[in-house]
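Structure first, then comments.
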Protein chains: 2
Amino acid sequence: MNHLPIYSDIENAEKLLRKNSINTPLLESSLLNEALGGRILIKPECLQRTGSFKFRGAFNKISNIEQNKLKNGVVAYSSGNHAQGVAHAAQLFGISATIIMPNTAPAVKKQKTKEYGATVIEYDIQSESREKLGQAISEETGAILIKPYDDPYVIAGQGTVGIEICRDLNDIAVKPVQLLSPCGGGGLIAGISLATHQHFPDCKIFSCEPEGFDDTLRSLESGVRVSNDPGNSSICDAIITPTPGELTYQINEKHLSRGICVTDAQVLNAMKVAFEHFNIVVEPGGAVALAAVISSNVDVTNKTTIVICSGGNVDSSLFARCLTRDITLKHVP
Amino acid sequence: MNHLPIYSDIENAEKLLRKNSINTPLLESSLLNEALGGRILIKPECLQRTGSFKFRGAFNKISNIEQNKLKNGVVAYSSGNHAQGVAHAAQLFGISATIIMPNTAPAVKKQKTKEYGATVIEYDIQSESREKLGQAISEETGAILIKPYDDPYVIAGQGTVGIEICRDLNDIAVKPVQLLSPCGGGGLIAGISLATHQHFPDCKIFSCEPEGFDDTLRSLESGVRVSNDPGNSSICDAIITPTPGELTYQINEKHLSRGICVTDAQVLNAMKVAFEHFNIVVEPGGAVALAAVISSNVDVTNKTTIVICSGGNVDSSLFARCLTRDITLKHVP
C-alpha cells in the first residue's frame, strides 16, 4: 500500500482478523450512565489478544507481507503493547521477532513479549533512538520493520476496532454523537476515524492524551505537528510518544474535532471506574478516554458517547494504586 | 412453565435477551494455554449487565410473567448477584423490586442493588430464613417472588450463556472436550448443560464449588441431595448455598460428570490469573472454575476446556488481596 489507508483497506483487514482476533463487545453500565447523565458505551480492547488493540495492526501488517520476505522475521520498537502484538502475530506466522523496548517499560510487558517468543533488546530511552536501532537491526538481519503506527496496514488493522463498533451500533440502531479514544502516535484513532465516519459522518471524534504528552491536541490547535517536551513523565507508558505520526496525522487532522488532555490522577480514577462498573482491567494509557469522560472534559449529557479502552497491560502494583481511590461521580450538566 | 426447562425454552430466552444483554465473547490467552498445556476458553460473564450472569435469568423470568401480575412488583432473596440482576431487570420493566440480602453481603453488592432502584431488606444469616422472609413479603404485598435458581425460566435464562458458547464454538469449528462452571444452587450449570449437550452431547461438564460448600459434588457422589455444614465459611459469597436446588439438581444429576472442590487460596490465585491473562475482574465465587483448572483438579492437557467466570462484583479491598499473589503455573501432564 503506497497511499493513506481508505475504508476498503479496513474492510480487508477485518476479513483477515475476523477469525484471528476477539470481536470485543460494547459494554454498558446503567449506573454509570445515570451518574454521568448520558449513555456511555465502552469498547474494551483490553480484552483483545495480547491485552491491547495492537495485535490487530501487527497481524494485518504481517499478513500483507509476501511470504518470501518474511524469512528473516520482523523487528519492532515499542513500549510494550505493539511489542506483544508483533511478537504474538509473528508467533502465529511461525517467524522470528526482535523487539526493541525501553529499559523503563513495565515489567509485565517485557516479560510477556519474551513469553510470546520474541527476542527483547532493551535501550536507554534518554540516550538512544529506537527508530535508528530498529533501522539498523532491519538492515543487518533482513528482518522487516513493523512500525507502531506510521504504516497504512497497521492503521487499517487498528481501524477494525471502528468497524466492529459501527456494526454493533447499527445492530441496536444507535447513532453515536461522539467517540473518544486514547492517542499516542495516532494509529488507533486514525483507523477508527476512517471507519466511524464512513458509517456516521457526523460523529465527533476526540483524541485523549495525558498531561505533558498532548502533542496531538496542540498540533490540531496550531495546524502543524508539534512535539512534547522530552523531560515530561506520565504513568501512561503506552501513549507517551514524542509527536504525532506523519501518516496518522494526515488522517487525524481531517477527522478529529479536538484533543483532550487528562492528568495522571484522573487516569487512576478512570481505572477504578472501569474496575467498579465494567469489571475490566484497563492500563493507564488505555484509560485516558474514560478519564476525559468522568472528569467532565467533554459534555456527555443526553448523548451517546463511545469510549475506547485500548489496553490492559498493567503491573499489579500500579493497578493496586487505583483500587484505594474514592470516587464520587458528579453529573455536571 | 410447569415442567423442567428444555432446550427450546433456552432458545426462547435467547431471543428475548439478544437485544437486552451482552453477548460476552470467548477469551483466550496463548500464554495461559502454553503454561497449562491445553486450550482454555473463558466465558467472562463478569462483563454481563450488573456484573454477572444473573441478569439473564431475572430478565427472562420477568419477561414471562403476565403484565397485570407485575403491578405489585417483584421480591427476591440473594447474596448479591441475583439481587442486582432482579433489581435492574425490574427497573427496565418499570416495576418495583424488594431484595432480601444477608447482612454479611459485600458492601458493593448492597450498594449497587439500591442504586438499581430496589428496596433492600437485610436479614441475619444465622437466625433468619430468607425463603420464609421472601414468602411473607410476597403474600403481604402481592409482589411476585423471583427465586434465584429453582425456577424453569430462571434456569432457561442462565442457559443462554451456553447457547452463546456453542454458537461461538461452532463458528470456529471447535468441539469442547469439557466445560467447568461455578455452582451454587445450580441454575447456571443446569441451563448451560442443557444447551451444551444439545450441541455437544459428549462434552463433560464439571461443577466447581468452594471448600465447605461442595454439596453438589457430594450429592452427585451419593446420589441424593445433601447439605453443607451450616458452620462453614468461604470468600466465595456468591455460591455458598446450603444444598442443591430441587429442579436444578434433577437436571444436573443427568448432565454433570462430577463435582470439583477448590480452596479459597486457589480461588485468589485464579482471580490473579484472570487479571494477568484476560484483564478481567472476577469475584471469588466467579473464579472457582478457573481455580479448578489452574490447580490441576482436572486434566486439561491437549484438550479444549471451556471455563465460566460467572461474575465480577467484588469489593476493591478483597480484590487487592489477589494482586499480591505470586503464581507459577505448572503444566502437570
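Lettering and numbering for the C-alpha cells are positional, with chains as A, B, ... in the shown order, residues counted from 1 in each chain, and ligands counted from 1 in the shown order.
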
Exercise answer, chain B residues close to chain A, 10 Å and only C-alpha atoms, as a PDB file with C-alpha atoms, in the first residue's frame:
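Final file, selection.pdb:
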```pdb
ATOM      1  CA  LYS B  19     -31.094  -7.158  22.375  1.00  0.00           C
ATOM      2  CA  ASN B  20     -31.118  -6.739  26.143  1.00  0.00           C
ATOM      3  CA  SER B  21     -27.966  -8.437  27.373  1.00  0.00           C
ATOM      4  CA  ILE B  22     -24.316  -8.502  26.391  1.00  0.00           C
ATOM      5  CA  ASN B  23     -23.205 -11.350  24.155  1.00  0.00           C
ATOM      6  CA  THR B  24     -19.971 -11.951  26.038  1.00  0.00           C
ATOM      7  CA  PRO B  25     -17.104 -13.212  23.846  1.00  0.00           C
ATOM      8  CA  LEU B  26     -14.890 -16.233  24.434  1.00  0.00           C
ATOM      9  CA  LEU B  27     -11.483 -15.016  25.634  1.00  0.00           C
ATOM     10  CA  GLU B  28      -8.230 -16.855  25.112  1.00  0.00           C
ATOM     11  CA  SER B  29      -4.628 -16.371  26.196  1.00  0.00           C
ATOM     12  CA  SER B  30      -1.996 -18.265  24.252  1.00  0.00           C
ATOM     13  CA  LEU B  31       0.397 -17.802  27.189  1.00  0.00           C
ATOM     14  CA  GLU B  34       1.058 -22.839  26.862  1.00  0.00           C
ATOM     15  CA  PRO B  44     -16.481 -13.845  31.028  1.00  0.00           C
ATOM     16  CA  GLU B  45     -19.945 -13.253  32.486  1.00  0.00           C
ATOM     17  CA  CYS B  46     -18.371 -10.656  34.770  1.00  0.00           C
ATOM     18  CA  LEU B  47     -18.830  -8.403  31.709  1.00  0.00           C
ATOM     19  CA  GLN B  48     -22.592  -9.012  31.690  1.00  0.00           C
ATOM     20  CA  ARG B  49     -25.036  -6.281  32.694  1.00  0.00           C
ATOM     21  CA  THR B  50     -24.997  -5.983  36.515  1.00  0.00           C
ATOM     22  CA  GLY B  51     -21.658  -7.793  36.556  1.00  0.00           C
ATOM     23  CA  SER B  52     -22.870 -11.391  36.496  1.00  0.00           C
ATOM     24  CA  HIS B  88     -32.015  -3.997  37.201  1.00  0.00           C
ATOM     25  CA  VAL B 108     -20.533  -3.201  46.758  1.00  0.00           C
ATOM     26  CA  LYS B 112     -25.433  -1.374  43.717  1.00  0.00           C
ATOM     27  CA  GLU B 115     -28.604   2.053  43.032  1.00  0.00           C
ATOM     28  CA  TYR B 116     -30.612  -0.118  40.624  1.00  0.00           C
ATOM     29  CA  ASP B 171     -18.261 -20.575  14.261  1.00  0.00           C
ATOM     30  CA  ILE B 172     -14.624 -21.527  14.787  1.00  0.00           C
ATOM     31  CA  LYS B 272      -4.886 -13.095  39.806  1.00  0.00           C
ATOM     32  CA  ALA B 274      -7.817 -13.687  35.304  1.00  0.00           C
ATOM     33  CA  PHE B 275      -6.289 -10.260  35.996  1.00  0.00           C
ATOM     34  CA  GLU B 276      -2.948 -11.145  34.394  1.00  0.00           C
ATOM     35  CA  HIS B 277      -4.069 -13.109  31.361  1.00  0.00           C
ATOM     36  CA  PHE B 278      -7.505 -11.767  30.484  1.00  0.00           C
ATOM     37  CA  ASN B 279      -7.676  -8.267  32.027  1.00  0.00           C
ATOM     38  CA  ILE B 280     -10.961  -9.136  33.673  1.00  0.00           C
ATOM     39  CA  VAL B 281     -12.130  -8.691  37.262  1.00  0.00           C
ATOM     40  CA  VAL B 282     -13.598 -11.913  38.612  1.00  0.00           C
ATOM     41  CA  GLU B 283     -15.112 -12.224  42.088  1.00  0.00           C
ATOM     42  CA  GLY B 311     -19.361 -12.752  37.997  1.00  0.00           C
ATOM     43  CA  GLY B 312     -17.110  -9.861  38.950  1.00  0.00           C
ATOM     44  CA  ASN B 313     -18.780  -7.990  41.799  1.00  0.00           C
ATOM     45  CA  VAL B 314     -16.040  -7.805  44.390  1.00  0.00           C
ATOM     46  CA  ASP B 315     -15.088  -5.201  46.970  1.00  0.00           C
ATOM     47  CA  SER B 316     -11.850  -3.488  45.974  1.00  0.00           C
ATOM     48  CA  SER B 317     -10.157  -4.390  49.264  1.00  0.00           C
ATOM     49  CA  PHE B 319      -9.626  -7.797  45.043  1.00  0.00           C
ATOM     50  CA  ALA B 320      -6.409  -6.116  46.205  1.00  0.00           C
ATOM     51  CA  ARG B 321      -5.604  -9.334  48.128  1.00  0.00           C
ATOM     52  CA  CYS B 322      -5.288 -11.340  44.916  1.00  0.00           C
ATOM     53  CA  LEU B 323      -2.909  -8.832  43.309  1.00  0.00           C
ATOM     54  CA  THR B 324      -0.041  -9.550  45.680  1.00  0.00           C
ATOM     55  CA  ARG B 325      -0.054 -13.292  44.995  1.00  0.00           C
TER      56      ARG B 325
END
```

Near Leu36 of chain A, counting only C-alpha atoms, which residues have an atom at most 10 Å away, once you skip same-chain residues fewer than 2 positions from it, shown as a PyMOL selection string?
chain A and resi 30-34+38-40+293-296+299-302+329-333

Restricting it to C-alpha atoms, dump the selection as a PDB file, in the first residue's frame.
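See selection_14.pdb below for the written result:
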```pdb
ATOM      1  CA  SER A  30     -26.752   1.825  33.571  1.00  0.00           C
ATOM      2  CA  LEU A  31     -25.385   3.073  36.899  1.00  0.00           C
ATOM      3  CA  LEU A  32     -22.527   4.937  35.223  1.00  0.00           C
ATOM      4  CA  ASN A  33     -24.937   6.314  32.613  1.00  0.00           C
ATOM      5  CA  GLU A  34     -27.146   7.610  35.392  1.00  0.00           C
ATOM      6  CA  GLY A  38     -25.674  10.273  29.272  1.00  0.00           C
ATOM      7  CA  ARG A  39     -25.157   6.947  27.554  1.00  0.00           C
ATOM      8  CA  ILE A  40     -21.582   5.627  27.647  1.00  0.00           C
ATOM      9  CA  VAL A 293     -15.465  11.437  30.254  1.00  0.00           C
ATOM     10  CA  ILE A 294     -15.599  11.108  34.048  1.00  0.00           C
ATOM     11  CA  SER A 295     -13.652  14.348  34.551  1.00  0.00           C
ATOM     12  CA  SER A 296     -16.175  16.413  32.584  1.00  0.00           C
ATOM     13  CA  ASP A 299     -20.135  17.109  27.670  1.00  0.00           C
ATOM     14  CA  VAL A 300     -21.881  13.722  27.680  1.00  0.00           C
ATOM     15  CA  THR A 301     -25.318  14.897  28.827  1.00  0.00           C
ATOM     16  CA  ASN A 302     -28.150  13.157  26.964  1.00  0.00           C
ATOM     17  CA  LEU A 329     -19.061  10.877  40.003  1.00  0.00           C
ATOM     18  CA  LYS A 330     -20.999  14.044  39.515  1.00  0.00           C
ATOM     19  CA  HIS A 331     -23.323  14.700  36.655  1.00  0.00           C
ATOM     20  CA  VAL A 332     -22.345  18.223  35.573  1.00  0.00           C
ATOM     21  CA  PRO A 333     -24.979  19.343  33.067  1.00  0.00           C
TER      22      PRO A 333
END
```

What lies within 12 Å of Gly245 of chain B using only C-alpha atoms, ignoring chain neighbours under 6 positions off, as a count of residues only?
25

Apply DSSP to the structure's backbone, then extract all residues of segment 144-330 of chain A labelled helix (DSSP H, G or I) and return them as an NGL selection string.
:A and (152-171 or 187-199 or 215-222 or 237-239 or 246-255 or 264-278 or 284-294 or 316-323)

Write the residues you've just listed into a file as a PDB file, in the first residue's frame, and include C-alpha atoms for each of them.
```pdb
ATOM      1  CA  PRO A 152      -1.059   2.025   6.194  1.00  0.00           C
ATOM      2  CA  TYR A 153      -1.622  -1.653   7.055  1.00  0.00           C
ATOM      3  CA  VAL A 154      -1.131  -1.033  10.753  1.00  0.00           C
ATOM      4  CA  ILE A 155      -3.623   1.857  10.648  1.00  0.00           C
ATOM      5  CA  ALA A 156      -6.098  -0.285   8.685  1.00  0.00           C
ATOM      6  CA  GLY A 157      -5.736  -3.097  11.223  1.00  0.00           C
ATOM      7  CA  GLN A 158      -6.467  -0.774  14.137  1.00  0.00           C
ATOM      8  CA  GLY A 159      -9.430   0.547  12.145  1.00  0.00           C
ATOM      9  CA  THR A 160     -11.171  -2.815  12.551  1.00  0.00           C
ATOM     10  CA  VAL A 161     -11.973  -1.628  16.094  1.00  0.00           C
ATOM     11  CA  GLY A 162     -14.110   1.028  14.412  1.00  0.00           C
ATOM     12  CA  ILE A 163     -15.828  -1.393  12.030  1.00  0.00           C
ATOM     13  CA  GLU A 164     -16.861  -3.588  14.963  1.00  0.00           C
ATOM     14  CA  ILE A 165     -18.212  -0.585  16.874  1.00  0.00           C
ATOM     15  CA  CYS A 166     -20.252   0.635  13.879  1.00  0.00           C
ATOM     16  CA  ARG A 167     -21.657  -2.828  13.218  1.00  0.00           C
ATOM     17  CA  ASP A 168     -22.770  -3.198  16.843  1.00  0.00           C
ATOM     18  CA  LEU A 169     -24.280   0.311  16.854  1.00  0.00           C
ATOM     19  CA  ASN A 170     -26.175  -0.366  13.625  1.00  0.00           C
ATOM     20  CA  ASP A 171     -27.483  -3.634  15.125  1.00  0.00           C
ATOM     21  CA  GLY A 187      -2.717   4.926  14.587  1.00  0.00           C
ATOM     22  CA  LEU A 188      -5.711   3.667  16.533  1.00  0.00           C
ATOM     23  CA  ILE A 189      -7.722   6.870  16.361  1.00  0.00           C
ATOM     24  CA  ALA A 190      -6.848   7.353  12.661  1.00  0.00           C
ATOM     25  CA  GLY A 191      -8.150   3.876  11.789  1.00  0.00           C
ATOM     26  CA  ILE A 192     -11.225   4.261  13.984  1.00  0.00           C
ATOM     27  CA  SER A 193     -11.973   7.698  12.485  1.00  0.00           C
ATOM     28  CA  LEU A 194     -11.908   6.371   8.937  1.00  0.00           C
ATOM     29  CA  ALA A 195     -14.277   3.533   9.850  1.00  0.00           C
ATOM     30  CA  THR A 196     -16.609   5.594  12.012  1.00  0.00           C
ATOM     31  CA  HIS A 197     -17.005   8.475   9.582  1.00  0.00           C
ATOM     32  CA  GLN A 198     -17.873   6.009   6.815  1.00  0.00           C
ATOM     33  CA  HIS A 199     -20.924   4.951   8.847  1.00  0.00           C
ATOM     34  CA  ASP A 215       1.131  16.749  21.121  1.00  0.00           C
ATOM     35  CA  THR A 216      -1.935  15.822  19.062  1.00  0.00           C
ATOM     36  CA  LEU A 217      -4.121  18.318  20.949  1.00  0.00           C
ATOM     37  CA  ARG A 218      -1.598  21.108  20.331  1.00  0.00           C
ATOM     38  CA  SER A 219      -0.956  20.044  16.741  1.00  0.00           C
ATOM     39  CA  LEU A 220      -4.682  20.179  15.977  1.00  0.00           C
ATOM     40  CA  GLU A 221      -4.851  23.633  17.555  1.00  0.00           C
ATOM     41  CA  SER A 222      -1.832  25.046  15.759  1.00  0.00           C
ATOM     42  CA  ASP A 237       3.542   4.478  29.309  1.00  0.00           C
ATOM     43  CA  ALA A 238       1.635   3.170  26.267  1.00  0.00           C
ATOM     44  CA  ILE A 239       0.985   6.590  24.735  1.00  0.00           C
ATOM     45  CA  GLU A 246       3.324  11.618   9.722  1.00  0.00           C
ATOM     46  CA  LEU A 247       0.710   9.405   8.064  1.00  0.00           C
ATOM     47  CA  THR A 248      -1.627   9.222  11.044  1.00  0.00           C
ATOM     48  CA  TYR A 249      -1.680  12.999  11.400  1.00  0.00           C
ATOM     49  CA  GLN A 250      -2.748  13.457   7.777  1.00  0.00           C
ATOM     50  CA  ILE A 251      -5.840  11.409   8.631  1.00  0.00           C
ATOM     51  CA  ASN A 252      -6.382  12.813  12.096  1.00  0.00           C
ATOM     52  CA  GLU A 253      -6.256  16.492  11.133  1.00  0.00           C
ATOM     53  CA  LYS A 254      -9.182  15.846   8.791  1.00  0.00           C
ATOM     54  CA  HIS A 255     -11.253  13.666  11.123  1.00  0.00           C
ATOM     55  CA  ASP A 264      -2.491  11.025  35.910  1.00  0.00           C
ATOM     56  CA  ALA A 265      -4.867  11.372  38.879  1.00  0.00           C
ATOM     57  CA  GLN A 266      -7.857  11.441  36.545  1.00  0.00           C
ATOM     58  CA  VAL A 267      -6.457   8.362  34.802  1.00  0.00           C
ATOM     59  CA  LEU A 268      -6.223   6.444  38.094  1.00  0.00           C
ATOM     60  CA  ASN A 269      -9.839   7.407  38.816  1.00  0.00           C
ATOM     61  CA  ALA A 270     -10.871   6.100  35.397  1.00  0.00           C
ATOM     62  CA  MET A 271      -9.095   2.796  36.055  1.00  0.00           C
ATOM     63  CA  LYS A 272     -11.125   2.472  39.273  1.00  0.00           C
ATOM     64  CA  VAL A 273     -14.365   3.303  37.426  1.00  0.00           C
ATOM     65  CA  ALA A 274     -13.573   0.621  34.827  1.00  0.00           C
ATOM     66  CA  PHE A 275     -12.964  -1.837  37.686  1.00  0.00           C
ATOM     67  CA  GLU A 276     -16.179  -0.893  39.501  1.00  0.00           C
ATOM     68  CA  HIS A 277     -18.594  -0.552  36.610  1.00  0.00           C
ATOM     69  CA  PHE A 278     -17.284  -2.864  33.909  1.00  0.00           C
ATOM     70  CA  PRO A 284      -3.185   3.948  32.435  1.00  0.00           C
ATOM     71  CA  GLY A 285      -2.650   4.711  28.742  1.00  0.00           C
ATOM     72  CA  GLY A 286      -5.788   2.761  27.893  1.00  0.00           C
ATOM     73  CA  ALA A 287      -7.906   4.721  30.358  1.00  0.00           C
ATOM     74  CA  VAL A 288      -7.334   8.322  29.178  1.00  0.00           C
ATOM     75  CA  ALA A 289     -10.576   8.474  27.163  1.00  0.00           C
ATOM     76  CA  LEU A 290     -12.639   7.227  30.100  1.00  0.00           C
ATOM     77  CA  ALA A 291     -10.740   9.720  32.261  1.00  0.00           C
ATOM     78  CA  ALA A 292     -11.834  12.535  29.945  1.00  0.00           C
ATOM     79  CA  VAL A 293     -15.465  11.437  30.254  1.00  0.00           C
ATOM     80  CA  ILE A 294     -15.599  11.108  34.048  1.00  0.00           C
ATOM     81  CA  SER A 316      -0.314  -5.364  39.574  1.00  0.00           C
ATOM     82  CA  SER A 317       1.387  -2.917  41.944  1.00  0.00           C
ATOM     83  CA  LEU A 318       0.322   0.048  39.792  1.00  0.00           C
ATOM     84  CA  PHE A 319      -3.193  -1.352  39.407  1.00  0.00           C
ATOM     85  CA  ALA A 320      -3.440  -1.673  43.193  1.00  0.00           C
ATOM     86  CA  ARG A 321      -2.971   2.110  43.417  1.00  0.00           C
ATOM     87  CA  CYS A 322      -6.275   2.761  41.631  1.00  0.00           C
ATOM     88  CA  LEU A 323      -8.239   0.435  43.941  1.00  0.00           C
TER      89      LEU A 323
END
```

For Ile100 of chain A, find every residue with an atom within 7 Å (counting only C-alpha atoms), except residues of its own chain fewer than 3 positions away, and show them as a PyMOL selection string.
chain A and resi 76-78+120-123+130

How about saving the chosen residues, C-alpha atoms kept, as a PDB file, in the first residue's frame?
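Contents of the output file result_12.pdb:
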```pdb
ATOM      1  CA  ALA A  76       9.690  -3.602  16.006  1.00  0.00           C
ATOM      2  CA  TYR A  77      10.163  -0.905  18.642  1.00  0.00           C
ATOM      3  CA  SER A  78       7.556  -0.372  21.299  1.00  0.00           C
ATOM      4  CA  VAL A 120      13.811  -8.386  23.521  1.00  0.00           C
ATOM      5  CA  ILE A 121      16.523  -5.746  23.227  1.00  0.00           C
ATOM      6  CA  GLU A 122      16.385  -3.002  25.837  1.00  0.00           C
ATOM      7  CA  TYR A 123      17.562   0.537  25.089  1.00  0.00           C
ATOM      8  CA  ARG A 130      14.605   3.439  18.934  1.00  0.00           C
TER       9      ARG A 130
END
```

List the neighbours of Glu209 of chain A out to 7 Å using only C-alpha atoms; skip same-chain residues closer than 3 positions along the sequence, and give me the result as an MDAnalysis selection string.
chainID A and resid 182:183 213:214 260:262 288

Go ahead and write the residues just picked, N, CA and C atoms, as a PDB file, in the first residue's frame.
```
ATOM      1  N   PRO A 182      -7.997   6.954  23.275  1.00  0.00           N
ATOM      2  CA  PRO A 182      -6.610   7.261  23.625  1.00  0.00           C
ATOM      3  C   PRO A 182      -5.814   7.520  22.351  1.00  0.00           C
ATOM      4  N   CYS A 183      -4.790   8.363  22.463  1.00  0.00           N
ATOM      5  CA  CYS A 183      -3.988   8.718  21.292  1.00  0.00           C
ATOM      6  C   CYS A 183      -2.515   8.842  21.669  1.00  0.00           C
ATOM      7  N   PHE A 213       1.995  15.134  27.337  1.00  0.00           N
ATOM      8  CA  PHE A 213       2.114  14.395  26.073  1.00  0.00           C
ATOM      9  C   PHE A 213       0.923  14.697  25.168  1.00  0.00           C
ATOM     10  N   ASP A 214       0.496  15.979  25.198  1.00  0.00           N
ATOM     11  CA  ASP A 214      -0.692  16.389  24.432  1.00  0.00           C
ATOM     12  C   ASP A 214      -0.307  16.967  23.070  1.00  0.00           C
ATOM     13  N   ILE A 260      -8.172  16.292  23.863  1.00  0.00           N
ATOM     14  CA  ILE A 260      -8.470  16.463  25.284  1.00  0.00           C
ATOM     15  C   ILE A 260      -7.269  15.955  26.069  1.00  0.00           C
ATOM     16  N   CYS A 261      -6.930  16.658  27.144  1.00  0.00           N
ATOM     17  CA  CYS A 261      -5.765  16.296  27.952  1.00  0.00           C
ATOM     18  C   CYS A 261      -6.212  15.976  29.376  1.00  0.00           C
ATOM     19  N   VAL A 262      -5.702  14.889  29.940  1.00  0.00           N
ATOM     20  CA  VAL A 262      -6.094  14.489  31.301  1.00  0.00           C
ATOM     21  C   VAL A 262      -4.864  14.295  32.189  1.00  0.00           C
ATOM     22  N   VAL A 288      -7.267   6.851  29.298  1.00  0.00           N
ATOM     23  CA  VAL A 288      -7.334   8.322  29.178  1.00  0.00           C
ATOM     24  C   VAL A 288      -8.674   8.813  28.617  1.00  0.00           C
TER      25      VAL A 288
END
```

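Reported to one decimal place, the separation of atom CA of Ala143 of chain A from atom CA of Val74 of chain A is 4.6 Å.
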
So which bits of segment 94-270 of chain A end up strand (DSSP E or B) when you DSSP the backbone, as a count of residues only?
30

Just the number, please: distance in Å from atom CA of Thr241 of chain A to atom CA of Lys69 of chain A, one decimal.
29.0 Å

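The space separating atom CA of Pro210 of chain B from atom CA of Lys43 of chain B comes to 19.4 Å.
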